Amino acid sequence: MDWAASLELVAPETLLSISGLILLLVAAWAGDTYSRGITWLTVAVLAAAGIMVAPALCGGAMGGTSEAFYGQFRADAFASYAKLLIYAAAGASLIVAPVFFERVRAMRAEYPILVLFAALGMSLMVSASDMITLYIGLELNSLAAYVLAAFIRNDERSAEAGLKYFVLGALASGIMLFGMSLIYGFTGTTSFAGISAALDASTGGGLGMGALFGITFVLAGLAFKISAVPFHMWTPDVYEGAPTPVTMFFATAPKVAALALTMRVALDAFGSQADTWRQIVIFAALASIVVGALGAIGQQNIKRLLAYSSINNVGFMLIGLAAATPQGASAMLVYLAIYVAMSVGGFVAVLMLKDADGEPVENIADLAGLSRHRKVLSLCLAMIMFSLAGIPPLFGFWGKFVVFQSAVSAGLVPLAAIGIAASVIGAFYYIKIVKILYFDEPAMKAVGKSDWMHQALLALSALVISPLGYLLTLWLGGLADKAAAALFFSA
Amino acid sequence: MDGFPILTLMLAVPLVGALACLFANANNARWIALGATLVELALGVVLWANYDVGGAQWQFTERAALFAGFNWALGIDGIALMLMMLTVFLMPICIGASWKSIDKRVGEYMAAFLLMETLMIGVFTAQDLYLFYIMFEAGLIPMYLIIGVWGGADRIYASYKFFLYTLLGSVLMLIAMMWMANEAGTTDIPTLMAYDFDPKAQTWLWLAFFASFAVKMPMWPVHTWLPDAHVQAPTAGSVILAGVLLKMGGYGFIRFSLPMFPEASAQFAWLVFALSMVAVVYTSLVALVQTDMKKLIAYSSVAHMAIVTVGLFAFNPQGLEGAMIVMLSHGLVSGALFLAVGVIYDRLHTREIDRYGGLAINMPYYALFFLLFTMASIGLPGTSGFVGEFLSLAGIYKVSSWVAFVCTTGIILGAAYMLYLYRRVIFGEQRNPDAAAMRDMDLREWLMMVPIAAAVLWMGVYPESFLAPMRADIAALDARLARAQPDGDAQLKMGALKPEGAAEPAPAHEGSH
C-alpha cells in the first residue's frame, strides 16, 4: 500500500477539506453578502465529491484495494453508498437554507461551510476501519453540528438546542471513548479487523467481562448518535429548537452516518460477537419503535413529531441490524435511502408551511383543513405521512418490507411480528396528521407563499416515495447488496 | 384474447381515470368517473365472455419481473372472475349513487373511488403474494379518506377505527407471507397453493392470516369497526364496503387459508364455527333493536358473513359453492339495501327508522324494490339469497348438525329484523308529513336499482351461470382439502346388507306370476 494509492482513495475527503478551508477564507474576506454564492459553491463541491465516490459503489469496491493508510480508512462500496446519501442530504439542507435564514436575517456564510465540515466528518465516520479514525470523524461532525444547532444566535430555542446537543453529545462521546479504551485494553488493538480477530480468539472461555463492557459502552455511545431508545431524549428538544434546515440536516445526514458507523462497528469490529450484541440491538429496536410511536401521539409541534418519527424509524432499521446478515445490512441501506427521501420531503414541507407574514407555522393544529387551500402541498404531506407509516403502495412500505424480510430470513420471526405489530401504534399519529389536513375545517393559518426551490425539492421527494419509487427497487437493491457485500467481505 | 394484457388494462383504466378526476372540476369528474367505470364494466363483460369455463385453472395470466423480490403477476380463476364481476358491476352504480349527494370536493371523491376500484381488482387478480398484499393494504388509504372526508358526524372516530383495526390484522399476515416465501422459495400464489407446509408451522401461519381476514370479513368479535364505518360512510362508500371490501376476507380464506394450510384449517374449524355461531345469533339480535337503518343492515352483513365462513370451513363442495354465492348475493343485496337507504336519506337526511313510515303510499315503486331486496336478504326462494344460504347450510349440515341448526336460526332472525324494518319504514300509517311528501324514485335511481334487481333474480332463478365458472376451481380446492377433512358428527351408518336370498324372493316371486 503506497502513499499515492492511499491519497487517491481519500481524494473525496481531501477535496472536501481543501474546499472547506478555501471557502472559509472567501467567507472571511467577502462577508455574509456572498452567502448565497458560497452556498451554491458548497453544493457543487458536495456534488463533485459524490461523483468521485460513485465509481467505488458501482464497481463494488471491497477488500485490500479499498484500504488506505494501513487499514485506518476504507473507501469501499459500503462507505460510498453512505457517502452518497450523506452528500445528497447535506446538499438538500443547503439548498433550502438561504430562504429560511434570510427571513430572520441570520444567513451567514459560515452555514454552508459548517455543513461541509460536518459532511467531511461523516465521510470519515463511514469510512473508518479503526477506532481512532472513527472518533476523529465523529467529533469533527459533532463539533460542526453543535454550532449548527445554535445557528440563530438570538433565538433562545436555537441556543438551548445547541447547548443540549453539546452537553449530551459530549457525554455520549465520553461513554463511547470509555468503551473504546476498554476494547483496546482487552484486545490490544484499535483496528476493526484486529478487534474482530482478538474477540473471536478469546471466546474459547466466553467473552471477557471487560470486553463485554467495552462493546456495551461503544454501542451505547452510538445509540446516542442514532437517537435510539433509551438514549433518545435529546432528539425532540434539539429538533424543535434548531432552525428547520438544520433539523432537516440532523434528521438525515448524521443519521445515515451514525447508522452506517453502527453497522460497521457491529458487523465488522464486533462481527464475531453477533450473539452478544444482538439482544442489545433488539431491545433498542423495539423500544425505539414503541417509544417513538407513543411519544409522537401527544405532540403539538410538527418538528417534535418528526423527531419522534425519526426515533421510530431508527427502531425499524435496527431490526435489520439485529439480523446480522448481509441481507439485513442491505435492507438497512435500502431503508436508509428511503428514509432520507421521506425526511427531506417532510422537512421541506414543514419549511413551506408559513403564515401570511412568512412566519413558520409549526403547530399541528394550525394545519387544519390545509387541503382546501394548499392542495398539492397537502397531498405531498399526506403521502409522506402514509409512507412513513409504511402503508403500501407508497415507497416507505418497501423499506419496512425489506427490513422485516431480512429479520424473518434470519429466523427472528417473533422480533419481526412484535416490531410490525408495534408499527400500527405509529400509524395512528401519521393518520392523525392526514386527518387534520383533510378532515378538519380549515384554520387558514398556513397561507404563505413558498419558494420554488422548496417546491422542486418537495416534488422530487414526493416522486421518489410515490408508487413510481418501486421502479427503483431493482437498482437500489443492487447497490445496497454491493455495499453490504463490501461490509461483510472483511468481516 | 391471447397475450392481450386485459387485466393490466383493467387496472390501468380506473387509475388513469382517478388521476384525471383529481384535476377536473366537479361535473367533469362525475362524467369521467362514470365513463371509466362503464369502460371497466365493458372490459369485465369481455373478460367473462372470453373466460374458458372448464379450461385452464388460471387464465389471462401475465408475468413480468418488475420489482426486486416480487413480480407483476396477474391471472384469474373462476372465483376471482366472479368477484371481479361483482366489483365492476357495482362501481358504476356507486358513482351514480354519489352523483348528487356528494357536492363538496367531487374530484377527490371520484378519484378515491376509482383508486379503490383499481386496488380491488388488483386484490382479485394478483398472483404474487406481495403484490396481493400491496393491493390489499393500499385499499386502506382511499377508504380512510372516503369515510373521513365525506362521512357523517362521527366520521373521524369511524375512520380511525377502520384504519387501525384492519392495519393491525394485515401486518401480521405480512410476516407470515415473508416466512412462507422464505420457506417455499417462491411468492407465486398458484405454486404456494399446492405447497405443503409443515402442519406445525401451518398453525401459526393460519393464525396470522386469520388475524387479517377475520377483521376484513368481519367476524365476531372483531366486527365492531364495521357498523361505525358503514353508518358514517356516504351511501356509495357503504355499498362498496359491504359489496366488495368485505368479500376480500372471504376471498382471502378461499385463496390462502384453505388451500395453503389445509391441516390448520381443519384444526381451527371449531374456532371458526364457534365465532360464526355467536355472530349469527348475536348480531341478528343486535340488528333487531337498531333504530338506524344503516346500522341494522351493517349488523345483518356480519350475520351473513358468518354464513359464509361456516360454508367455507365445511370442507365440502356444497359449503364452498354456497359461501361463494352468499358472498356474491350479499354483495348485490346489501349494496342494494344501502342504496335504498340512500334514496330516502337523500330526501330526508336522516336514517332514523322512526322518521319514516307508510312509504308504500307515496313511493310505491320504491316499496317494491325495497321489498325485493328485503326478501333477497332473508333468503326467499327465487332470489339469490336463498341459493347461497341453502348450499352453505347444506354443506355445514354434513359436518355438524348443531352448527347447521344454530346458523339456520339466523335465517329466522334475519326474517324477523328485515321484515320488522320493512314494516316500520314502508307499511303503517304516515306519521311524518315530510316523509309522506317524498317523491318516488327518479330515473337515476331506477337506473341504479333495476340492474341489481335483475342480477338478484337471475342468480336466484338460474345460479348455474355463476356456479359454472367456479365449479372446477372449487372441485380442485375440495380435492386439496380432502386429506384434512374432519369427520362429520352425523355419521350415516349403512345398515347391514340383508342376505341376497332374503331380499330377492319378493320380486322373484312376483316375476313368476
# chains A, B, ... in the order shown; residues from 1 in each chain; ligands from 1
>>> interface_residues(of="chain B", to="chain A", cutoff="7 Å", atoms="only C-alpha atoms", output="count of residues only")
16
>>> residues_around(residues="B:Ala36", least_positions_apart="6", cutoff="9 Å", atoms="only C-alpha atoms", output="number ranges by chain")
B: 13-14, 16-18, 92, 114
>>> write_last_selection(atoms="N, CA and C atoms", output="short mmCIF file (atom, residue, chain, number, x, y, z; two decimals), in the first residue's frame")
data_model
loop_
_atom_site.label_atom_id
_atom_site.label_comp_id
_atom_site.auth_asym_id
_atom_site.auth_seq_id
_atom_site.Cartn_x
_atom_site.Cartn_y
_atom_site.Cartn_z
N VAL B 13 -57.23 1.44 -16.34
CA VAL B 13 -58.33 2.35 -16.70
C VAL B 13 -58.80 3.19 -15.50
N PRO B 14 -59.16 2.57 -14.38
CA PRO B 14 -59.60 3.41 -13.25
C PRO B 14 -58.49 4.29 -12.70
N VAL B 16 -56.02 5.74 -14.37
CA VAL B 16 -55.92 6.92 -15.22
C VAL B 16 -57.11 7.84 -14.96
N GLY B 17 -58.30 7.22 -14.84
CA GLY B 17 -59.49 8.00 -14.52
C GLY B 17 -59.32 8.75 -13.21
N ALA B 18 -58.72 8.10 -12.22
CA ALA B 18 -58.54 8.73 -10.91
C ALA B 18 -57.65 9.96 -11.04
N PRO B 92 -70.14 1.40 -11.26
CA PRO B 92 -70.90 2.48 -11.91
C PRO B 92 -72.11 2.87 -11.07
N LEU B 114 -62.21 5.61 -7.78
CA LEU B 114 -61.58 4.90 -8.90
C LEU B 114 -60.32 4.20 -8.43
#
>>> closest_residue(among="B:Phe370, B:Tyr462, B:Phe253, B:Tyr420", to="B:Phe386", atoms="only C-alpha atoms")
B:Tyr462
>>> closest_residue(among="A:Gly292, A:Gly60, A:Gly121, A:Gly469", to="A:Ile86", atoms="only C-alpha atoms")
A:Gly121
>>> residues_around(residues="A:Gly328", least_positions_apart="2", cutoff="12 Å", atoms="only C-alpha atoms", output="ChimeraX atom specification")
/A:263,267,316-326,330-335,399-412,477,480-481,483-485,487-488
>>> write_last_selection(atoms="N, CA and C atoms", output="compact mmCIF listing (two decimals), in the first residue's frame")
# COMPACT_ATOMS: atom_id res chain seq x y z
N MET A 263 -23.36 0.08 11.91
CA MET A 263 -23.30 -1.17 11.17
C MET A 263 -21.87 -1.65 11.05
N LEU A 267 -20.98 -5.04 12.80
CA LEU A 267 -20.85 -6.19 11.91
C LEU A 267 -19.40 -6.49 11.56
N PHE A 316 -36.91 0.63 13.35
CA PHE A 316 -37.12 -0.33 12.25
C PHE A 316 -35.80 -0.71 11.60
N MET A 317 -34.92 0.28 11.44
CA MET A 317 -33.65 -0.04 10.79
C MET A 317 -32.82 -0.97 11.65
N LEU A 318 -32.90 -0.79 12.97
CA LEU A 318 -32.11 -1.65 13.85
C LEU A 318 -32.57 -3.10 13.78
N ILE A 319 -33.82 -3.31 13.38
CA ILE A 319 -34.27 -4.70 13.21
C ILE A 319 -33.44 -5.39 12.13
N GLY A 320 -33.10 -4.62 11.07
CA GLY A 320 -32.22 -5.17 10.04
C GLY A 320 -30.84 -5.49 10.61
N LEU A 321 -30.38 -4.64 11.53
CA LEU A 321 -29.06 -4.89 12.12
C LEU A 321 -29.10 -6.14 12.99
N ALA A 322 -30.21 -6.33 13.70
CA ALA A 322 -30.32 -7.49 14.59
C ALA A 322 -30.19 -8.78 13.80
N ALA A 323 -30.59 -8.75 12.53
CA ALA A 323 -30.47 -9.95 11.72
C ALA A 323 -29.01 -10.34 11.52
N ALA A 324 -28.12 -9.33 11.48
CA ALA A 324 -26.68 -9.56 11.35
C ALA A 324 -26.32 -10.41 10.15
N THR A 325 -27.03 -10.20 9.05
CA THR A 325 -26.72 -10.93 7.82
C THR A 325 -26.49 -9.90 6.72
N PRO A 326 -25.84 -10.31 5.62
CA PRO A 326 -25.70 -9.36 4.51
C PRO A 326 -27.05 -8.85 4.03
N SER A 330 -28.12 -4.99 3.81
CA SER A 330 -28.62 -4.42 2.56
C SER A 330 -29.99 -3.78 2.78
N ALA A 331 -30.84 -4.48 3.57
CA ALA A 331 -32.17 -3.94 3.84
C ALA A 331 -32.08 -2.61 4.58
N MET A 332 -31.14 -2.53 5.54
CA MET A 332 -30.98 -1.27 6.27
C MET A 332 -30.58 -0.15 5.34
N LEU A 333 -29.69 -0.49 4.39
CA LEU A 333 -29.22 0.56 3.48
C LEU A 333 -30.36 1.03 2.59
N VAL A 334 -31.19 0.10 2.13
CA VAL A 334 -32.34 0.50 1.32
C VAL A 334 -33.26 1.39 2.15
N TYR A 335 -33.51 0.94 3.37
CA TYR A 335 -34.38 1.73 4.26
C TYR A 335 -33.81 3.13 4.47
N GLY A 399 -39.21 -0.05 2.42
CA GLY A 399 -38.14 -0.07 3.42
C GLY A 399 -38.47 -1.02 4.54
N LYS A 400 -39.70 -0.91 5.07
CA LYS A 400 -40.09 -1.79 6.16
C LYS A 400 -40.12 -3.23 5.68
N PHE A 401 -40.61 -3.40 4.45
CA PHE A 401 -40.73 -4.74 3.87
C PHE A 401 -39.38 -5.45 3.85
N VAL A 402 -38.35 -4.81 3.30
CA VAL A 402 -37.07 -5.50 3.18
C VAL A 402 -36.45 -5.76 4.55
N VAL A 403 -36.63 -4.81 5.46
CA VAL A 403 -36.06 -4.99 6.79
C VAL A 403 -36.71 -6.18 7.48
N PHE A 404 -38.03 -6.24 7.43
CA PHE A 404 -38.71 -7.36 8.10
C PHE A 404 -38.42 -8.67 7.39
N GLN A 405 -38.29 -8.59 6.07
CA GLN A 405 -37.96 -9.80 5.32
C GLN A 405 -36.61 -10.36 5.78
N SER A 406 -35.65 -9.46 5.98
CA SER A 406 -34.34 -9.94 6.41
C SER A 406 -34.42 -10.54 7.81
N ALA A 407 -35.24 -9.93 8.67
CA ALA A 407 -35.37 -10.47 10.02
C ALA A 407 -36.01 -11.85 9.98
N VAL A 408 -37.02 -12.02 9.12
CA VAL A 408 -37.68 -13.32 9.03
C VAL A 408 -36.71 -14.35 8.46
N SER A 409 -35.93 -13.96 7.44
CA SER A 409 -34.96 -14.90 6.86
C SER A 409 -33.93 -15.31 7.88
N ALA A 410 -33.59 -14.39 8.80
CA ALA A 410 -32.59 -14.73 9.79
C ALA A 410 -33.20 -15.52 10.94
N GLY A 411 -34.48 -15.83 10.84
CA GLY A 411 -35.11 -16.64 11.88
C GLY A 411 -35.65 -15.84 13.05
N LEU A 412 -35.64 -14.52 12.93
CA LEU A 412 -36.13 -13.71 14.05
C LEU A 412 -37.61 -13.39 13.87
N GLY A 477 -31.74 -1.90 -4.76
CA GLY A 477 -31.40 -3.15 -4.10
C GLY A 477 -30.04 -3.67 -4.55
N ALA A 480 -27.37 -1.60 -2.84
CA ALA A 480 -27.31 -1.92 -1.41
C ALA A 480 -26.66 -3.28 -1.20
N ASP A 481 -26.95 -4.22 -2.12
CA ASP A 481 -26.33 -5.54 -1.98
C ASP A 481 -24.83 -5.46 -2.13
N ALA A 483 -22.99 -2.86 -1.49
CA ALA A 483 -22.45 -2.20 -0.30
C ALA A 483 -22.39 -3.18 0.86
N ALA A 484 -23.46 -3.98 1.00
CA ALA A 484 -23.48 -4.92 2.12
C ALA A 484 -22.42 -6.00 1.93
N ALA A 485 -22.20 -6.39 0.67
CA ALA A 485 -21.17 -7.40 0.41
C ALA A 485 -19.81 -6.86 0.83
N LEU A 487 -19.24 -4.69 3.11
CA LEU A 487 -19.18 -4.63 4.57
C LEU A 487 -18.83 -6.00 5.13
N PHE A 488 -19.37 -7.05 4.53
CA PHE A 488 -19.16 -8.38 5.08
C PHE A 488 -17.89 -9.03 4.54
>>> residues_around(residues="B:Val406", least_positions_apart="2", cutoff="12 Å", atoms="only C-alpha atoms", output="NGL selection string")
:B and (273-282 or 284 or 303 or 306-307 or 310 or 393 or 396-397 or 400-404 or 408-413)
>>> write_last_selection(atoms="N, CA and C atoms", output="PDB file, in the first residue's frame")
ATOM      1  N   PHE B 273     -66.278 -22.025  13.499  1.00  0.00           N
ATOM      2  CA  PHE B 273     -67.689 -22.341  13.723  1.00  0.00           C
ATOM      3  C   PHE B 273     -68.217 -21.606  14.948  1.00  0.00           C
ATOM      4  N   ALA B 274     -67.426 -21.642  16.019  1.00  0.00           N
ATOM      5  CA  ALA B 274     -67.897 -21.029  17.260  1.00  0.00           C
ATOM      6  C   ALA B 274     -68.124 -19.534  17.050  1.00  0.00           C
ATOM      7  N   LEU B 275     -67.117 -18.882  16.448  1.00  0.00           N
ATOM      8  CA  LEU B 275     -67.266 -17.440  16.240  1.00  0.00           C
ATOM      9  C   LEU B 275     -68.441 -17.151  15.317  1.00  0.00           C
ATOM     10  N   SER B 276     -68.611 -17.989  14.303  1.00  0.00           N
ATOM     11  CA  SER B 276     -69.691 -17.746  13.359  1.00  0.00           C
ATOM     12  C   SER B 276     -71.051 -17.935  14.001  1.00  0.00           C
ATOM     13  N   MET B 277     -71.155 -18.960  14.858  1.00  0.00           N
ATOM     14  CA  MET B 277     -72.445 -19.197  15.500  1.00  0.00           C
ATOM     15  C   MET B 277     -72.806 -18.018  16.392  1.00  0.00           C
ATOM     16  N   VAL B 278     -71.811 -17.564  17.155  1.00  0.00           N
ATOM     17  CA  VAL B 278     -72.072 -16.395  18.002  1.00  0.00           C
ATOM     18  C   VAL B 278     -72.494 -15.225  17.125  1.00  0.00           C
ATOM     19  N   ALA B 279     -71.770 -15.053  16.020  1.00  0.00           N
ATOM     20  CA  ALA B 279     -72.045 -13.903  15.161  1.00  0.00           C
ATOM     21  C   ALA B 279     -73.465 -13.965  14.625  1.00  0.00           C
ATOM     22  N   VAL B 280     -73.869 -15.141  14.145  1.00  0.00           N
ATOM     23  CA  VAL B 280     -75.196 -15.251  13.532  1.00  0.00           C
ATOM     24  C   VAL B 280     -76.267 -14.848  14.530  1.00  0.00           C
ATOM     25  N   VAL B 281     -76.193 -15.423  15.734  1.00  0.00           N
ATOM     26  CA  VAL B 281     -77.258 -15.179  16.689  1.00  0.00           C
ATOM     27  C   VAL B 281     -77.131 -13.779  17.278  1.00  0.00           C
ATOM     28  N   TYR B 282     -75.927 -13.455  17.730  1.00  0.00           N
ATOM     29  CA  TYR B 282     -75.737 -12.200  18.448  1.00  0.00           C
ATOM     30  C   TYR B 282     -75.997 -10.989  17.551  1.00  0.00           C
ATOM     31  N   SER B 284     -77.616 -10.814  14.827  1.00  0.00           N
ATOM     32  CA  SER B 284     -79.004 -10.734  14.373  1.00  0.00           C
ATOM     33  C   SER B 284     -79.866 -10.087  15.444  1.00  0.00           C
ATOM     34  N   ALA B 303     -73.878 -10.969  10.167  1.00  0.00           N
ATOM     35  CA  ALA B 303     -74.544 -12.266  10.275  1.00  0.00           C
ATOM     36  C   ALA B 303     -74.411 -13.058   8.971  1.00  0.00           C
ATOM     37  N   ALA B 306     -71.042 -14.525   8.495  1.00  0.00           N
ATOM     38  CA  ALA B 306     -70.825 -15.713   9.327  1.00  0.00           C
ATOM     39  C   ALA B 306     -71.303 -16.964   8.598  1.00  0.00           C
ATOM     40  N   ILE B 307     -72.376 -16.830   7.811  1.00  0.00           N
ATOM     41  CA  ILE B 307     -72.826 -17.970   6.996  1.00  0.00           C
ATOM     42  C   ILE B 307     -71.746 -18.317   5.981  1.00  0.00           C
ATOM     43  N   VAL B 310     -68.920 -20.307   7.821  1.00  0.00           N
ATOM     44  CA  VAL B 310     -69.207 -21.719   8.107  1.00  0.00           C
ATOM     45  C   VAL B 310     -69.214 -22.530   6.819  1.00  0.00           C
ATOM     46  N   LEU B 393     -75.670 -23.981   4.158  1.00  0.00           N
ATOM     47  CA  LEU B 393     -76.178 -24.712   5.303  1.00  0.00           C
ATOM     48  C   LEU B 393     -76.224 -26.199   5.019  1.00  0.00           C
ATOM     49  N   ILE B 396     -72.712 -27.360   5.642  1.00  0.00           N
ATOM     50  CA  ILE B 396     -72.311 -27.459   7.038  1.00  0.00           C
ATOM     51  C   ILE B 396     -73.086 -28.560   7.743  1.00  0.00           C
ATOM     52  N   TYR B 397     -74.272 -28.867   7.254  1.00  0.00           N
ATOM     53  CA  TYR B 397     -75.058 -29.926   7.891  1.00  0.00           C
ATOM     54  C   TYR B 397     -74.344 -31.264   7.798  1.00  0.00           C
ATOM     55  N   SER B 400     -71.674 -30.786  10.769  1.00  0.00           N
ATOM     56  CA  SER B 400     -72.150 -30.672  12.136  1.00  0.00           C
ATOM     57  C   SER B 400     -73.603 -30.232  12.148  1.00  0.00           C
ATOM     58  N   SER B 401     -74.429 -31.054  12.727  1.00  0.00           N
ATOM     59  CA  SER B 401     -75.849 -30.705  12.776  1.00  0.00           C
ATOM     60  C   SER B 401     -76.081 -29.497  13.650  1.00  0.00           C
ATOM     61  N   TRP B 402     -75.288 -29.390  14.734  1.00  0.00           N
ATOM     62  CA  TRP B 402     -75.519 -28.299  15.675  1.00  0.00           C
ATOM     63  C   TRP B 402     -75.186 -26.956  15.055  1.00  0.00           C
ATOM     64  N   VAL B 403     -74.047 -26.922  14.361  1.00  0.00           N
ATOM     65  CA  VAL B 403     -73.675 -25.658  13.726  1.00  0.00           C
ATOM     66  C   VAL B 403     -74.746 -25.278  12.720  1.00  0.00           C
ATOM     67  N   ALA B 404     -75.205 -26.292  11.947  1.00  0.00           N
ATOM     68  CA  ALA B 404     -76.244 -26.013  10.956  1.00  0.00           C
ATOM     69  C   ALA B 404     -77.501 -25.499  11.639  1.00  0.00           C
ATOM     70  N   THR B 408     -78.971 -21.789  11.097  1.00  0.00           N
ATOM     71  CA  THR B 408     -80.261 -21.641  10.430  1.00  0.00           C
ATOM     72  C   THR B 408     -81.181 -20.704  11.193  1.00  0.00           C
ATOM     73  N   THR B 409     -81.003 -20.628  12.510  1.00  0.00           N
ATOM     74  CA  THR B 409     -81.809 -19.658  13.256  1.00  0.00           C
ATOM     75  C   THR B 409     -81.540 -18.255  12.720  1.00  0.00           C
ATOM     76  N   GLY B 410     -80.342 -18.072  12.164  1.00  0.00           N
ATOM     77  CA  GLY B 410     -80.016 -16.763  11.597  1.00  0.00           C
ATOM     78  C   GLY B 410     -80.989 -16.375  10.508  1.00  0.00           C
ATOM     79  N   ILE B 411     -81.492 -17.353   9.781  1.00  0.00           N
ATOM     80  CA  ILE B 411     -82.419 -17.045   8.694  1.00  0.00           C
ATOM     81  C   ILE B 411     -83.742 -16.575   9.283  1.00  0.00           C
ATOM     82  N   ILE B 412     -84.146 -17.243  10.384  1.00  0.00           N
ATOM     83  CA  ILE B 412     -85.396 -16.835  11.021  1.00  0.00           C
ATOM     84  C   ILE B 412     -85.238 -15.437  11.610  1.00  0.00           C
ATOM     85  N   LEU B 413     -84.132 -15.259  12.331  1.00  0.00           N
ATOM     86  CA  LEU B 413     -83.895 -13.940  12.914  1.00  0.00           C
ATOM     87  C   LEU B 413     -83.763 -12.888  11.817  1.00  0.00           C
TER      88      LEU B 413
END
>>> atom_distance(atom1="atom CA of A:Ala97", atom2="atom CA of A:Gly137")
24.3 Å
>>> atom_distance(atom1="atom CA of B:Ser329", atom2="atom CA of B:Val450")
15.3 Å
>>> residues_around(residues="stretch 451-462 of chain A", least_positions_apart="2", cutoff="9 Å", atoms="only C-alpha atoms", output="list in words")
Ala92, Ile95, Val96, Val99, Ala341, Met342, Ser343, Val344, Gly345, Gly346, Phe347, Val348, Ala349, Leu351, Met352, Leu377, Cys380, Leu381, Met383, Ile384, Lys449, Val464, Ile465 and Ser466 of chain A
>>> write_last_selection(atoms="C-alpha atoms", output="PDB file, in the first residue's frame")
ATOM      1  CA  ALA A  92     -30.606  19.318   0.208  1.00  0.00           C
ATOM      2  CA  ILE A  95     -30.450  24.345  -0.892  1.00  0.00           C
ATOM      3  CA  VAL A  96     -33.385  25.041   1.415  1.00  0.00           C
ATOM      4  CA  VAL A  99     -34.675  31.415   2.004  1.00  0.00           C
ATOM      5  CA  ALA A 341     -36.114  10.831   0.833  1.00  0.00           C
ATOM      6  CA  MET A 342     -39.069  10.829   3.236  1.00  0.00           C
ATOM      7  CA  SER A 343     -37.349  13.031   5.818  1.00  0.00           C
ATOM      8  CA  VAL A 344     -36.167  15.554   3.262  1.00  0.00           C
ATOM      9  CA  GLY A 345     -39.699  15.690   1.894  1.00  0.00           C
ATOM     10  CA  GLY A 346     -41.193  16.019   5.359  1.00  0.00           C
ATOM     11  CA  PHE A 347     -38.954  18.849   6.465  1.00  0.00           C
ATOM     12  CA  VAL A 348     -39.223  20.709   3.182  1.00  0.00           C
ATOM     13  CA  ALA A 349     -42.974  20.550   3.617  1.00  0.00           C
ATOM     14  CA  LEU A 351     -40.401  24.747   5.728  1.00  0.00           C
ATOM     15  CA  MET A 352     -43.136  25.550   3.243  1.00  0.00           C
ATOM     16  CA  LEU A 377     -48.634  20.600  -0.516  1.00  0.00           C
ATOM     17  CA  CYS A 380     -47.364  15.573  -0.664  1.00  0.00           C
ATOM     18  CA  LEU A 381     -47.513  15.790   3.108  1.00  0.00           C
ATOM     19  CA  MET A 383     -48.150  10.897   1.001  1.00  0.00           C
ATOM     20  CA  ILE A 384     -45.138  11.368   3.247  1.00  0.00           C
ATOM     21  CA  LYS A 449     -46.224  31.504  -0.500  1.00  0.00           C
ATOM     22  CA  VAL A 464     -39.463   9.108  -5.113  1.00  0.00           C
ATOM     23  CA  ILE A 465     -41.845   7.963  -2.387  1.00  0.00           C
ATOM     24  CA  SER A 466     -44.791   7.620  -4.759  1.00  0.00           C
TER      25      SER A 466
END
>>> decode(residues="stretch 426-460 of chain A", atoms="C-alpha atoms", output="mmCIF file, in the first residue's frame")
data_model
loop_
_atom_site.group_PDB
_atom_site.id
_atom_site.type_symbol
_atom_site.label_atom_id
_atom_site.label_comp_id
_atom_site.auth_asym_id
_atom_site.auth_seq_id
_atom_site.Cartn_x
_atom_site.Cartn_y
_atom_site.Cartn_z
ATOM 1 C CA GLY A 426 -47.109 4.616 14.864
ATOM 2 C CA ALA A 427 -49.678 4.548 12.097
ATOM 3 C CA PHE A 428 -52.094 6.251 14.476
ATOM 4 C CA TYR A 429 -50.272 9.554 14.643
ATOM 5 C CA TYR A 430 -49.394 9.574 10.988
ATOM 6 C CA ILE A 431 -53.029 9.199 10.004
ATOM 7 C CA LYS A 432 -53.882 11.808 12.609
ATOM 8 C CA ILE A 433 -51.901 14.307 10.566
ATOM 9 C CA VAL A 434 -53.763 13.237 7.447
ATOM 10 C CA LYS A 435 -56.996 13.656 9.350
ATOM 11 C CA ILE A 436 -56.022 17.193 10.346
ATOM 12 C CA LEU A 437 -55.019 18.040 6.800
ATOM 13 C CA TYR A 438 -58.069 16.574 5.111
ATOM 14 C CA PHE A 439 -60.970 16.078 7.508
ATOM 15 C CA ASP A 440 -60.911 19.180 9.678
ATOM 16 C CA GLU A 441 -62.382 22.571 8.921
ATOM 17 C CA PRO A 442 -59.774 24.982 7.538
ATOM 18 C CA ALA A 443 -57.850 27.071 10.074
ATOM 19 C CA MET A 444 -56.404 29.159 7.228
ATOM 20 C CA LYS A 445 -53.139 29.709 9.066
ATOM 21 C CA ALA A 446 -50.544 28.386 6.669
ATOM 22 C CA VAL A 447 -51.318 30.554 3.673
ATOM 23 C CA GLY A 448 -47.856 31.950 2.884
ATOM 24 C CA LYS A 449 -46.224 31.504 -0.500
ATOM 25 C CA SER A 450 -43.427 29.015 -0.966
ATOM 26 C CA ASP A 451 -40.102 29.325 -2.640
ATOM 27 C CA TRP A 452 -39.800 27.497 -5.977
ATOM 28 C CA MET A 453 -36.673 25.743 -4.768
ATOM 29 C CA HIS A 454 -38.611 24.216 -1.899
ATOM 30 C CA GLN A 455 -41.396 23.198 -4.236
ATOM 31 C CA ALA A 456 -38.983 21.488 -6.585
ATOM 32 C CA LEU A 457 -37.326 19.574 -3.770
ATOM 33 C CA LEU A 458 -40.684 18.528 -2.333
ATOM 34 C CA ALA A 459 -41.868 17.402 -5.755
ATOM 35 C CA LEU A 460 -38.709 15.352 -6.184
#
